[in-house]
>>> print(open('target15.pdb').read())   # PDB, C-alpha atoms
ATOM      1  CA  MET J   1     -88.071 -17.817  -8.701
ATOM      2  CA  THR J   2     -87.288 -14.538 -10.436
ATOM      3  CA  ALA J   3     -88.653 -11.468  -8.663
ATOM      4  CA  PRO J   4     -90.795  -8.971 -10.612
ATOM      5  CA  GLY J   5     -88.926  -6.051 -12.136
ATOM      6  CA  LEU J   6     -85.860  -8.055 -13.078
ATOM      7  CA  PRO J   7     -83.574  -7.614 -14.818
ATOM      8  CA  MET J   8     -83.160  -4.107 -13.464
ATOM      9  CA  THR J   9     -82.565  -1.663 -16.294
ATOM     10  CA  VAL J  10     -79.123  -0.082 -16.079
ATOM     11  CA  PRO J  11     -78.121   1.511 -19.398
ATOM     12  CA  SER J  12     -74.521   1.660 -20.536
ATOM     13  CA  GLU J  13     -73.054   4.431 -22.657
ATOM     14  CA  GLY J  14     -72.061   3.761 -26.224
ATOM     15  CA  LEU J  15     -74.744   1.174 -27.003
ATOM     16  CA  PRO J  16     -77.568   1.370 -29.574
ATOM     17  CA  ALA J  17     -81.068   2.306 -28.457
ATOM     18  CA  ARG J  18     -82.630  -0.552 -30.407
ATOM     19  CA  VAL J  19     -81.481  -3.933 -31.712
ATOM     20  CA  ARG J  20     -83.159  -5.956 -34.428
ATOM     21  CA  ILE J  21     -83.102  -9.649 -33.619
ATOM     22  CA  HIS J  22     -82.828 -11.878 -36.675
ATOM     23  CA  GLU J  23     -84.543 -15.001 -35.364
ATOM     24  CA  VAL J  24     -83.109 -18.196 -36.859
ATOM     25  CA  GLY J  25     -84.739 -20.866 -34.672
ATOM     26  CA  ALA J  26     -87.214 -22.126 -37.248
ATOM     27  CA  ARG J  27     -84.490 -22.697 -39.843
ATOM     28  CA  ASP J  28     -81.009 -22.914 -38.329
ATOM     29  CA  GLY J  29     -82.422 -24.135 -35.054
ATOM     30  CA  LEU J  30     -84.355 -27.062 -36.499
ATOM     31  CA  GLN J  31     -82.223 -28.088 -39.480
ATOM     32  CA  ASN J  32     -80.075 -30.454 -37.403
ATOM     33  CA  GLU J  33     -82.946 -32.313 -35.759
ATOM     34  CA  LYS J  34     -82.702 -36.029 -36.491
ATOM     35  CA  THR J  35     -86.445 -36.637 -36.245
ATOM     36  CA  ALA J  36     -88.651 -34.897 -38.780
ATOM     37  CA  VAL J  37     -90.579 -32.017 -37.220
ATOM     38  CA  PRO J  38     -94.110 -31.843 -38.706
ATOM     39  CA  THR J  39     -94.747 -28.909 -41.008
ATOM     40  CA  GLU J  40     -97.675 -27.801 -38.872
ATOM     41  CA  VAL J  41     -95.417 -27.625 -35.803
ATOM     42  CA  LYS J  42     -92.860 -25.524 -37.682
ATOM     43  CA  ALA J  43     -95.598 -23.167 -38.875
ATOM     44  CA  GLU J  44     -96.979 -22.822 -35.357
ATOM     45  CA  PHE J  45     -93.444 -22.137 -34.098
ATOM     46  CA  VAL J  46     -93.075 -19.262 -36.575
ATOM     47  CA  ARG J  47     -96.504 -17.894 -35.663
ATOM     48  CA  ARG J  48     -95.694 -17.969 -31.943
ATOM     49  CA  LEU J  49     -92.354 -16.257 -32.535
ATOM     50  CA  ALA J  50     -94.153 -13.503 -34.435
ATOM     51  CA  ASP J  51     -96.706 -13.209 -31.630
ATOM     52  CA  ALA J  52     -93.820 -12.730 -29.190
ATOM     53  CA  GLY J  53     -92.778  -9.609 -31.091
ATOM     54  CA  LEU J  54     -89.986 -10.862 -33.331
ATOM     55  CA  THR J  55     -90.117  -9.031 -36.655
ATOM     56  CA  THR J  56     -87.521 -10.971 -38.662
ATOM     57  CA  ILE J  57     -88.013 -14.738 -38.579
ATOM     58  CA  GLU J  58     -86.012 -16.963 -40.899
ATOM     59  CA  ALA J  59     -88.631 -19.416 -42.053
ATOM     60  CA  THR J  60     -86.893 -22.191 -43.991
ATOM     61  CA  SER J  61     -84.331 -23.052 -46.641
ATOM     62  CA  PHE J  62     -84.873 -23.947 -50.279
ATOM     63  CA  VAL J  63     -81.970 -26.354 -50.413
ATOM     64  CA  HIS J  64     -82.179 -29.770 -52.027
ATOM     65  CA  PRO J  65     -83.904 -32.169 -49.577
ATOM     66  CA  LYS J  66     -80.966 -34.559 -49.924
ATOM     67  CA  TRP J  67     -78.701 -32.115 -48.079
ATOM     68  CA  VAL J  68     -81.052 -30.938 -45.334
ATOM     69  CA  PRO J  69     -83.936 -33.414 -45.045
ATOM     70  CA  GLN J  70     -85.504 -31.514 -42.148
ATOM     71  CA  LEU J  71     -86.292 -28.602 -44.470
ATOM     72  CA  ALA J  72     -87.657 -30.660 -47.350
ATOM     73  CA  ASP J  73     -91.117 -29.182 -46.690
ATOM     74  CA  ALA J  74     -90.212 -25.588 -47.617
ATOM     75  CA  GLU J  75     -92.928 -25.427 -50.306
ATOM     76  CA  GLN J  76     -95.541 -26.626 -47.822
ATOM     77  CA  LEU J  77     -94.367 -24.474 -44.905
ATOM     78  CA  PHE J  78     -93.883 -21.052 -46.459
ATOM     79  CA  PRO J  79     -97.515 -20.551 -47.630
ATOM     80  CA  GLN J  80     -98.703 -21.349 -44.092
ATOM     81  CA  VAL J  81     -96.815 -18.379 -42.626
ATOM     82  CA  ALA J  82     -96.573 -15.982 -45.572
ATOM     83  CA  ASP J  83     -99.473 -13.853 -44.337
ATOM     84  CA  LEU J  84     -97.729 -12.922 -41.079
ATOM     85  CA  PRO J  85     -96.891  -9.190 -40.734
ATOM     86  CA  VAL J  86     -93.172  -9.905 -40.312
ATOM     87  CA  ASP J  87     -90.135 -10.356 -42.534
ATOM     88  CA  LEU J  88     -89.646 -14.020 -43.458
ATOM     89  CA  PRO J  89     -86.224 -14.513 -45.031
ATOM     90  CA  VAL J  90     -85.389 -17.885 -46.586
ATOM     91  CA  LEU J  91     -82.099 -19.442 -47.629
ATOM     92  CA  VAL J  92     -81.449 -20.101 -51.324
ATOM     93  CA  PRO J  93     -78.286 -22.001 -52.274
ATOM     94  CA  ASN J  94     -78.520 -21.464 -56.032
ATOM     95  CA  GLU J  95     -80.759 -20.256 -58.850
ATOM     96  CA  ARG J  96     -83.056 -23.262 -58.524
ATOM     97  CA  GLY J  97     -83.577 -22.445 -54.865
ATOM     98  CA  LEU J  98     -84.263 -18.835 -55.783
ATOM     99  CA  ASP J  99     -86.841 -19.936 -58.365
ATOM    100  CA  ARG J 100     -88.660 -21.974 -55.726
ATOM    101  CA  ALA J 101     -88.611 -19.108 -53.218
ATOM    102  CA  LEU J 102     -89.779 -16.461 -55.695
ATOM    103  CA  ALA J 103     -92.593 -18.711 -56.900
ATOM    104  CA  LEU J 104     -94.023 -18.607 -53.376
ATOM    105  CA  GLY J 105     -93.661 -14.849 -53.040
ATOM    106  CA  ALA J 106     -90.574 -14.670 -50.818
ATOM    107  CA  ARG J 107     -89.288 -11.100 -50.555
ATOM    108  CA  ARG J 108     -86.150 -11.703 -48.514
ATOM    109  CA  VAL J 109     -83.557 -14.350 -49.367
ATOM    110  CA  ALA J 110     -80.114 -15.294 -48.128
ATOM    111  CA  VAL J 111     -77.073 -16.947 -49.670
ATOM    112  CA  PHE J 112     -74.462 -18.688 -47.553
ATOM    113  CA  ALA J 113     -70.734 -18.459 -48.218
ATOM    114  CA  SER J 114     -67.614 -19.484 -46.332
ATOM    115  CA  ALA J 115     -64.507 -17.585 -45.322
ATOM    116  CA  THR J 116     -62.444 -20.786 -45.536
ATOM    117  CA  GLU J 117     -61.733 -23.263 -48.292
ATOM    118  CA  SER J 118     -62.294 -26.305 -46.077
ATOM    119  CA  PHE J 119     -65.806 -25.324 -45.077
ATOM    120  CA  ALA J 120     -66.668 -24.165 -48.605
ATOM    121  CA  LYS J 121     -65.749 -27.656 -49.788
ATOM    122  CA  ALA J 122     -67.703 -29.385 -47.001
ATOM    123  CA  ASN J 123     -70.792 -27.182 -47.230
ATOM    124  CA  LEU J 124     -70.979 -26.289 -50.923
ATOM    125  CA  ASN J 125     -68.531 -28.657 -52.621
ATOM    126  CA  ARG J 126     -66.831 -25.628 -54.152
ATOM    127  CA  THR J 127     -63.900 -23.346 -53.523
ATOM    128  CA  VAL J 128     -64.597 -19.985 -51.902
ATOM    129  CA  ASP J 129     -64.319 -18.186 -55.229
ATOM    130  CA  GLU J 130     -66.414 -20.789 -57.056
ATOM    131  CA  ALA J 131     -69.154 -20.292 -54.468
ATOM    132  CA  LEU J 132     -69.012 -16.527 -54.902
ATOM    133  CA  ALA J 133     -69.314 -16.973 -58.668
ATOM    134  CA  MET J 134     -72.335 -19.240 -58.135
ATOM    135  CA  PHE J 135     -74.025 -16.570 -56.031
ATOM    136  CA  GLU J 136     -73.578 -13.751 -58.556
ATOM    137  CA  PRO J 137     -76.566 -14.640 -60.776
ATOM    138  CA  VAL J 138     -78.645 -15.523 -57.713
ATOM    139  CA  VAL J 139     -78.085 -12.132 -56.116
ATOM    140  CA  SER J 140     -78.410 -10.305 -59.439
ATOM    141  CA  ARG J 141     -81.756 -11.896 -60.203
ATOM    142  CA  ALA J 142     -83.036 -11.332 -56.683
ATOM    143  CA  LYS J 143     -82.126  -7.644 -56.819
ATOM    144  CA  ALA J 144     -83.796  -7.350 -60.237
ATOM    145  CA  GLU J 145     -86.952  -8.630 -58.513
ATOM    146  CA  ARG J 146     -86.430  -6.054 -55.732
ATOM    147  CA  VAL J 147     -85.857  -8.814 -53.211
ATOM    148  CA  HIS J 148     -83.685  -8.118 -50.159
ATOM    149  CA  VAL J 149     -80.546 -10.279 -50.084
ATOM    150  CA  ARG J 150     -78.577 -11.282 -47.014
ATOM    151  CA  GLY J 151     -75.149 -12.867 -47.266
ATOM    152  CA  TYR J 152     -74.188 -15.363 -44.578
ATOM    153  CA  LEU J 153     -70.477 -15.860 -44.077
ATOM    154  CA  SER J 154     -69.442 -18.915 -42.063
ATOM    155  CA  MET J 155     -66.146 -19.528 -40.242
ATOM    156  CA  CYS J 156     -65.339 -15.847 -39.707
ATOM    157  CA  PHE J 157     -63.442 -16.502 -36.467
ATOM    158  CA  GLY J 158     -62.138 -20.056 -36.663
ATOM    159  CA  ASP J 159     -62.408 -23.253 -38.670
ATOM    160  CA  PRO J 160     -62.367 -26.840 -37.319
ATOM    161  CA  TRP J 161     -59.990 -27.967 -40.061
ATOM    162  CA  GLU J 162     -57.869 -24.854 -40.627
ATOM    163  CA  GLY J 163     -57.802 -23.332 -37.151
ATOM    164  CA  PRO J 164     -57.473 -19.528 -36.902
ATOM    165  CA  VAL J 165     -58.875 -17.605 -39.865
ATOM    166  CA  PRO J 166     -56.859 -14.473 -40.745
ATOM    167  CA  VAL J 167     -58.918 -11.291 -40.522
ATOM    168  CA  PRO J 168     -57.893 -10.092 -44.034
ATOM    169  CA  GLN J 169     -59.174 -13.387 -45.460
ATOM    170  CA  VAL J 170     -62.601 -12.770 -43.927
ATOM    171  CA  VAL J 171     -62.624  -9.150 -45.052
ATOM    172  CA  ARG J 172     -61.917 -10.176 -48.655
ATOM    173  CA  VAL J 173     -64.923 -12.490 -48.832
ATOM    174  CA  CYS J 174     -67.177  -9.962 -47.068
ATOM    175  CA  ARG J 175     -66.175  -7.287 -49.551
ATOM    176  CA  ALA J 176     -66.835  -9.698 -52.438
ATOM    177  CA  LEU J 177     -70.317 -10.526 -51.135
ATOM    178  CA  LEU J 178     -71.206  -6.858 -50.853
ATOM    179  CA  ASP J 179     -69.815  -6.174 -54.308
ATOM    180  CA  THR J 180     -72.022  -8.980 -55.621
ATOM    181  CA  GLY J 181     -75.014  -6.972 -54.421
ATOM    182  CA  CYS J 182     -75.906  -8.297 -50.964
ATOM    183  CA  ASP J 183     -77.805  -5.784 -48.841
ATOM    184  CA  GLU J 184     -76.438  -7.068 -45.549
ATOM    185  CA  LEU J 185     -73.927  -9.558 -44.199
ATOM    186  CA  SER J 186     -74.129 -11.891 -41.232
ATOM    187  CA  LEU J 187     -70.738 -12.682 -39.696
ATOM    188  CA  GLY J 188     -70.856 -16.264 -38.463
ATOM    189  CA  ASP J 189     -68.854 -17.700 -35.577
ATOM    190  CA  THR J 190     -69.837 -21.170 -36.727
ATOM    191  CA  ILE J 191     -67.927 -23.159 -34.093
ATOM    192  CA  GLY J 192     -68.187 -20.568 -31.313
ATOM    193  CA  VAL J 193     -64.490 -19.774 -30.896
ATOM    194  CA  ALA J 194     -64.608 -15.959 -31.140
ATOM    195  CA  THR J 195     -63.678 -13.683 -28.245
ATOM    196  CA  PRO J 196     -64.591  -9.993 -27.839
ATOM    197  CA  GLY J 197     -61.241  -8.571 -28.959
ATOM    198  CA  HIS J 198     -61.366 -10.682 -32.107
ATOM    199  CA  VAL J 199     -64.878  -9.431 -32.841
ATOM    200  CA  THR J 200     -63.816  -5.799 -32.499
ATOM    201  CA  SER J 201     -60.733  -6.396 -34.647
ATOM    202  CA  LEU J 202     -62.763  -7.895 -37.498
ATOM    203  CA  LEU J 203     -65.405  -5.154 -37.397
ATOM    204  CA  THR J 204     -62.706  -2.474 -37.414
ATOM    205  CA  ALA J 205     -60.948  -4.113 -40.372
ATOM    206  CA  LEU J 206     -64.205  -4.335 -42.295
ATOM    207  CA  ASN J 207     -64.870  -0.643 -41.748
ATOM    208  CA  ALA J 208     -61.360   0.158 -42.982
ATOM    209  CA  GLU J 209     -62.189  -1.632 -46.249
ATOM    210  CA  GLY J 210     -65.371   0.345 -46.757
ATOM    211  CA  VAL J 211     -67.851  -2.133 -45.259
ATOM    212  CA  PRO J 212     -70.303  -0.046 -43.203
ATOM    213  CA  THR J 213     -71.285  -1.259 -39.754
ATOM    214  CA  GLY J 214     -74.924  -0.736 -40.679
ATOM    215  CA  ALA J 215     -74.652  -3.518 -43.257
ATOM    216  CA  LEU J 216     -73.427  -6.048 -40.697
ATOM    217  CA  GLY J 217     -75.127  -8.516 -38.406
ATOM    218  CA  VAL J 218     -73.480 -11.014 -36.069
ATOM    219  CA  HIS J 219     -74.225 -14.698 -35.603
ATOM    220  CA  PHE J 220     -72.556 -16.254 -32.581
ATOM    221  CA  HIS J 221     -72.580 -19.816 -31.304
ATOM    222  CA  ASP J 222     -72.119 -20.407 -27.598
ATOM    223  CA  THR J 223     -69.712 -23.359 -27.715
ATOM    224  CA  TYR J 224     -67.289 -21.754 -25.251
ATOM    225  CA  GLY J 225     -69.819 -19.545 -23.467
ATOM    226  CA  GLN J 226     -68.712 -16.411 -25.309
ATOM    227  CA  ALA J 227     -71.784 -15.546 -27.377
ATOM    228  CA  LEU J 228     -73.178 -12.782 -25.135
ATOM    229  CA  ALA J 229     -69.742 -11.263 -24.509
ATOM    230  CA  ASN J 230     -69.096 -11.234 -28.243
ATOM    231  CA  THR J 231     -72.511  -9.709 -28.892
ATOM    232  CA  LEU J 232     -71.809  -6.911 -26.413
ATOM    233  CA  ALA J 233     -68.511  -6.187 -28.168
ATOM    234  CA  ALA J 234     -70.355  -5.949 -31.492
ATOM    235  CA  LEU J 235     -72.999  -3.642 -29.996
ATOM    236  CA  ARG J 236     -70.304  -1.341 -28.651
ATOM    237  CA  HIS J 237     -68.937  -1.134 -32.184
ATOM    238  CA  GLY J 238     -72.358  -0.045 -33.449
ATOM    239  CA  VAL J 239     -73.830  -3.290 -34.769
ATOM    240  CA  THR J 240     -77.622  -3.327 -34.385
ATOM    241  CA  THR J 241     -78.574  -6.666 -35.972
ATOM    242  CA  VAL J 242     -78.017  -9.833 -33.936
ATOM    243  CA  ASP J 243     -78.904 -13.368 -34.995
ATOM    244  CA  ALA J 244     -80.314 -15.621 -32.301
ATOM    245  CA  SER J 245     -82.282 -18.835 -31.987
ATOM    246  CA  ALA J 246     -85.292 -19.268 -29.728
ATOM    247  CA  GLY J 247     -84.435 -21.700 -26.968
ATOM    248  CA  GLY J 248     -80.812 -21.887 -28.115
ATOM    249  CA  LEU J 249     -81.666 -24.465 -30.764
ATOM    250  CA  GLY J 250     -79.276 -25.299 -33.546
ATOM    251  CA  GLY J 251     -75.821 -26.239 -34.679
ATOM    252  CA  CYS J 252     -74.279 -26.901 -38.058
ATOM    253  CA  PRO J 253     -74.586 -30.152 -40.034
ATOM    254  CA  TYR J 254     -71.206 -29.637 -41.699
ATOM    255  CA  ALA J 255     -69.164 -28.647 -38.625
ATOM    256  CA  LYS J 256     -69.554 -31.286 -35.934
ATOM    257  CA  SER J 257     -67.906 -29.122 -33.250
ATOM    258  CA  ALA J 258     -70.603 -26.465 -33.634
ATOM    259  CA  THR J 259     -73.074 -26.373 -30.760
ATOM    260  CA  GLY J 260     -76.160 -24.271 -30.247
ATOM    261  CA  ASN J 261     -76.776 -20.734 -31.365
ATOM    262  CA  LEU J 262     -77.028 -17.836 -28.971
ATOM    263  CA  ALA J 263     -80.420 -18.256 -27.291
ATOM    264  CA  THR J 264     -82.838 -15.453 -28.147
ATOM    265  CA  GLU J 265     -84.119 -15.363 -24.559
ATOM    266  CA  ASP J 266     -80.601 -14.935 -23.136
ATOM    267  CA  LEU J 267     -79.988 -12.112 -25.602
ATOM    268  CA  VAL J 268     -83.280 -10.380 -24.755
ATOM    269  CA  TRP J 269     -82.581 -10.635 -21.017
ATOM    270  CA  MET J 270     -79.225  -8.905 -21.476
ATOM    271  CA  LEU J 271     -80.632  -6.244 -23.787
ATOM    272  CA  GLN J 272     -83.527  -5.505 -21.430
ATOM    273  CA  GLY J 273     -81.075  -5.017 -18.586
ATOM    274  CA  LEU J 274     -79.141  -2.560 -20.754
ATOM    275  CA  GLY J 275     -82.308  -0.646 -21.629
ATOM    276  CA  ILE J 276     -82.067  -1.605 -25.309
ATOM    277  CA  ASP J 277     -85.390  -1.968 -27.111
ATOM    278  CA  THR J 278     -86.097  -5.163 -29.075
ATOM    279  CA  GLY J 279     -89.881  -5.156 -29.263
ATOM    280  CA  VAL J 280     -89.887  -8.705 -27.892
ATOM    281  CA  ASP J 281     -92.177  -9.907 -25.122
ATOM    282  CA  LEU J 282     -89.820 -12.113 -23.111
ATOM    283  CA  GLY J 283     -92.626 -13.992 -21.346
ATOM    284  CA  ARG J 284     -94.275 -14.990 -24.613
ATOM    285  CA  LEU J 285     -90.923 -15.923 -26.098
ATOM    286  CA  VAL J 286     -90.054 -18.171 -23.147
ATOM    287  CA  ALA J 287     -93.474 -19.830 -23.404
ATOM    288  CA  THR J 288     -92.834 -20.442 -27.107
ATOM    289  CA  SER J 289     -89.490 -22.098 -26.435
ATOM    290  CA  VAL J 290     -90.953 -24.235 -23.661
ATOM    291  CA  TRP J 291     -93.659 -25.340 -26.087
ATOM    292  CA  MET J 292     -91.088 -26.118 -28.787
ATOM    293  CA  ALA J 293     -88.937 -28.046 -26.313
ATOM    294  CA  GLU J 294     -91.996 -30.185 -25.539
ATOM    295  CA  GLN J 295     -92.451 -30.882 -29.256
ATOM    296  CA  LEU J 296     -88.813 -31.982 -29.490
ATOM    297  CA  GLY J 297     -88.991 -34.029 -26.289
ATOM    298  CA  ARG J 298     -86.152 -32.360 -24.379
ATOM    299  CA  PRO J 299     -85.574 -29.257 -22.231
ATOM    300  CA  SER J 300     -84.398 -26.021 -23.755
ATOM    301  CA  PRO J 301     -80.655 -25.315 -23.404
ATOM    302  CA  SER J 302     -81.365 -21.608 -22.859
ATOM    303  CA  ARG J 303     -80.464 -20.548 -19.335
ATOM    304  CA  THR J 304     -83.113 -17.831 -19.351
ATOM    305  CA  VAL J 305     -85.811 -20.242 -20.498
ATOM    306  CA  ARG J 306     -84.892 -22.609 -17.685
ATOM    307  CA  ALA J 307     -84.775 -19.858 -15.085
ATOM    308  CA  LEU J 308     -88.083 -18.270 -16.054
ATOM    309  CA  SER J 309     -89.970 -21.501 -16.671
ATOM    310  CA  HIS J 310     -88.486 -23.247 -13.619
ATOM    311  CA  GLN J 311     -87.358 -26.248 -15.654
ATOM    312  CA  GLU J 312     -84.894 -28.680 -14.142
ATOM    313  CA  GLN J 313     -81.321 -27.388 -14.419
TER
END
>>> encode(input="target15.pdb", output="structure tokens")
Amino acid sequence: MTAPGLPMTVPSEGLPARVRIHEVGARDGLQNEKTAVPTEVKAEFVRRLADAGLTTIEATSFVHPKWVPQLADAEQLFPQVADLPVDLPVLVPNERGLDRALALGARRVAVFASATESFAKANLNRTVDEALAMFEPVVSRAKAERVHVRGYLSMCFGDPWEGPVPVPQVVRVCRALLDTGCDELSLGDTIGVATPGHVTSLLTALNAEGVPTGALGVHFHDTYGQALANTLAALRHGVTTVDASAGGLGGCPYAKSATGNLATEDLVWMLQGLGIDTGVDLGRLVATSVWMAEQLGRPSPSRTVRALSHQEQ
């Protein structure tokens, strides 16, 4: 059992006072599930995440159902959660996806690019530059509608086909996404191979090319157990937006070596110990992930969820 008052708060110099968690469990976390999750369960998941204090909850993706069958119910799901007092970003792969999202009143959208040619081909069936060209009218139209646009960039630290990804290559695509009009970027460690020095190097290189730290978020997978260490490196650099998935759900349908996202509960535990405010009620969040694990029929991979809910290790 965990004693009351833990984790003990011991602040560390050079870290932000507050971190915004960009919760991706309802979209990135569920998109790989083989069995269809009922729309009502997804909606309840989003509502419980909001009740736990998360203020940015990625709700769904307006991709063609052929590519991500789990998210084929975007039109049915979004109206069920649209009244929540939180930001509900959705993914839009193209102008058709944007049309669908705008028709339902979405005010925050995201496009998803790749830093490598191999993943751009696997994920979007385009080259990197062709994908960027496809996003230009999407971002332009969204901004004309005063909609916030996030740019996801996959394979920032390594690629399963190409191996190491040169930092200048990542910087070029990041700069292009910002120049297209994206309000913020999420740097994705899609297969979880980043290490803290690599994270710092990329962030420093981005700053040198005029990409402000305030426009950056980080999205780490925990394949090699490095997600929290990498997050701490990003926080020390000044990053204040961190993507995480409740219960550690998720992977990537186009990169088979990708395992789960950084668990939101593990992130909150670390941030609480550092005295960093998130606005999240850890107890409610753990209860939400335990509930979701029951819906999926398996225990949560999050270490914090298991520790605080006393699930079998």
>>> residues_around(input="target15.pdb", residues="range 167-172 of chain J", least_positions_apart="6", cutoff="6 Å", atoms="only C-alpha atoms", output="list in words")
Ala115, Cys156, Leu202 and Leu206 of chain J
>>> write_last_selection(input="target15.pdb", atoms="C-alpha atoms", output="JSON list (two decimals), in the frame of the given file")
[["chain", "number", "residue", "atom", "x", "y", "z"],
["J", 115, "ALA", "CA", -64.51, -17.58, -45.32],
["J", 156, "CYS", "CA", -65.34, -15.85, -39.71],
["J", 202, "LEU", "CA", -62.76, -7.90, -37.50],
["J", 206, "LEU", "CA", -64.20, -4.34, -42.30]]
>>> closest_residue(input="target15.pdb", among="J:Val165, J:Phe220, J:Asn94, J:Met155", to="Glu136 in chain J", atoms="all atoms listed in the file")
J:Asn94
>>> resolve_selection(input="target15.pdb", expression="the PyMOL selection byres ((chain J and resi 238) around 9)", output="number ranges by chain")
J: 14-16, 213-214, 233-237, 239-240
>>> atom_distance(input="target15.pdb", atom1="CA of Arg175 in chain J", atom2="CA of Val138 in chain J")
17.0 Å
>>> closest_residue(input="target15.pdb", among="J:Ala113, J:Ala263, J:Ala229, J:Ala205", to="Glu130 in chain J", atoms="all atoms listed in the file")
J:Ala113
>>> resolve_selection(input="target15.pdb", expression="the PyMOL selection byres ((chain J and resi 63) around 12)", output="PDB file with C-alpha atoms, keeping the file's coordinate frame")
ATOM      1  CA  ARG J  27     -84.490 -22.697 -39.843  1.00  0.00           C
ATOM      2  CA  GLN J  31     -82.223 -28.088 -39.480  1.00  0.00           C
ATOM      3  CA  THR J  60     -86.893 -22.191 -43.991  1.00  0.00           C
ATOM      4  CA  SER J  61     -84.331 -23.052 -46.641  1.00  0.00           C
ATOM      5  CA  PHE J  62     -84.873 -23.947 -50.279  1.00  0.00           C
ATOM      6  CA  HIS J  64     -82.179 -29.770 -52.027  1.00  0.00           C
ATOM      7  CA  PRO J  65     -83.904 -32.169 -49.577  1.00  0.00           C
ATOM      8  CA  LYS J  66     -80.966 -34.559 -49.924  1.00  0.00           C
ATOM      9  CA  TRP J  67     -78.701 -32.115 -48.079  1.00  0.00           C
ATOM     10  CA  VAL J  68     -81.052 -30.938 -45.334  1.00  0.00           C
ATOM     11  CA  PRO J  69     -83.936 -33.414 -45.045  1.00  0.00           C
ATOM     12  CA  GLN J  70     -85.504 -31.514 -42.148  1.00  0.00           C
ATOM     13  CA  LEU J  71     -86.292 -28.602 -44.470  1.00  0.00           C
ATOM     14  CA  ALA J  72     -87.657 -30.660 -47.350  1.00  0.00           C
ATOM     15  CA  ASP J  73     -91.117 -29.182 -46.690  1.00  0.00           C
ATOM     16  CA  ALA J  74     -90.212 -25.588 -47.617  1.00  0.00           C
ATOM     17  CA  GLU J  75     -92.928 -25.427 -50.306  1.00  0.00           C
ATOM     18  CA  VAL J  90     -85.389 -17.885 -46.586  1.00  0.00           C
ATOM     19  CA  LEU J  91     -82.099 -19.442 -47.629  1.00  0.00           C
ATOM     20  CA  VAL J  92     -81.449 -20.101 -51.324  1.00  0.00           C
ATOM     21  CA  PRO J  93     -78.286 -22.001 -52.274  1.00  0.00           C
ATOM     22  CA  ASN J  94     -78.520 -21.464 -56.032  1.00  0.00           C
ATOM     23  CA  GLU J  95     -80.759 -20.256 -58.850  1.00  0.00           C
ATOM     24  CA  ARG J  96     -83.056 -23.262 -58.524  1.00  0.00           C
ATOM     25  CA  GLY J  97     -83.577 -22.445 -54.865  1.00  0.00           C
ATOM     26  CA  LEU J  98     -84.263 -18.835 -55.783  1.00  0.00           C
ATOM     27  CA  ASP J  99     -86.841 -19.936 -58.365  1.00  0.00           C
ATOM     28  CA  ARG J 100     -88.660 -21.974 -55.726  1.00  0.00           C
ATOM     29  CA  ALA J 101     -88.611 -19.108 -53.218  1.00  0.00           C
ATOM     30  CA  ALA J 110     -80.114 -15.294 -48.128  1.00  0.00           C
ATOM     31  CA  VAL J 111     -77.073 -16.947 -49.670  1.00  0.00           C
ATOM     32  CA  PHE J 112     -74.462 -18.688 -47.553  1.00  0.00           C
ATOM     33  CA  ASN J 123     -70.792 -27.182 -47.230  1.00  0.00           C
ATOM     34  CA  LEU J 124     -70.979 -26.289 -50.923  1.00  0.00           C
TER      35      LEU J 124
END
>>> resolve_selection(input="target15.pdb", expression="the PyMOL selection byres ((chain J and resi 290) around 10)", output="JSON, numbers by chain")
{"J": [246, 247, 284, 285, 286, 287, 288, 289, 291, 292, 293, 294, 295, 296, 298, 299, 300, 302, 305, 306, 309, 311]}
>>> residues_near_point(input="target15.pdb", point="(-79.1, -22.0, -37.2)", cutoff="10 Å", atoms="all atoms listed in the file", output="list in words")
Glu23, Val24, Gly25, Ala26, Arg27, Asp28, Gly29, Leu30, Gln31, Asn32, Glu58, Thr190, His219, Phe220, His221, Asp243, Ala244, Ser245, Gly248, Leu249, Gly250, Gly251, Cys252, Pro253, Thr259, Gly260, Asn261 and Leu262 of chain J
>>> closest_residue(input="target15.pdb", among="J:Glu145, J:Glu44, J:Asp159, J:Asp51", to="Asp281 in chain J", atoms="only C-alpha atoms")
J:Asp51
>>> atom_distance(input="target15.pdb", atom1="CA of Val86 in chain J", atom2="CA of Leu54 in chain J")
7.7 Å
>>> residues_around(input="target15.pdb", residues="range 191-200 of chain J", least_positions_apart="6", cutoff="6 Å", atoms="only C-alpha atoms", output="list in words")
Phe157, His221, Asp222, Thr223, Asn230, Ala233 and Ala258 of chain J
>>> atom_distance(input="target15.pdb", atom1="CA of Glu162 in chain J", atom2="CA of Leu267 in chain J")
29.6 Å
>>> residues_around(input="target15.pdb", residues="Val218 in chain J", least_positions_apart="5", cutoff="7 Å", atoms="all atoms listed in the file", output="PDB file with C-alpha atoms, keeping the file's coordinate frame")
ATOM      1  CA  SER J 186     -74.129 -11.891 -41.232  1.00  0.00           C
ATOM      2  CA  LEU J 187     -70.738 -12.682 -39.696  1.00  0.00           C
ATOM      3  CA  GLY J 188     -70.856 -16.264 -38.463  1.00  0.00           C
ATOM      4  CA  THR J 241     -78.574  -6.666 -35.972  1.00  0.00           C
ATOM      5  CA  VAL J 242     -78.017  -9.833 -33.936  1.00  0.00           C
ATOM      6  CA  ASP J 243     -78.904 -13.368 -34.995  1.00  0.00           C
TER       7      ASP J 243
END
>>> residues_around(input="target15.pdb", residues="Met270 in chain J", least_positions_apart="5", cutoff="9 Å", atoms="only C-alpha atoms", output="VMD selection string")
chain J and resid 7 228 265 275 to 276
>>> write_last_selection(input="target15.pdb", atoms="C-alpha atoms", output="short mmCIF file (atom, residue, chain, number, x, y, z; two decimals), in the coordinates of the input")
data_model
loop_
_atom_site.label_atom_id
_atom_site.label_comp_id
_atom_site.auth_asym_id
_atom_site.auth_seq_id
_atom_site.Cartn_x
_atom_site.Cartn_y
_atom_site.Cartn_z
CA PRO J 7 -83.57 -7.61 -14.82
CA LEU J 228 -73.18 -12.78 -25.14
CA GLU J 265 -84.12 -15.36 -24.56
CA GLY J 275 -82.31 -0.65 -21.63
CA ILE J 276 -82.07 -1.60 -25.31
#
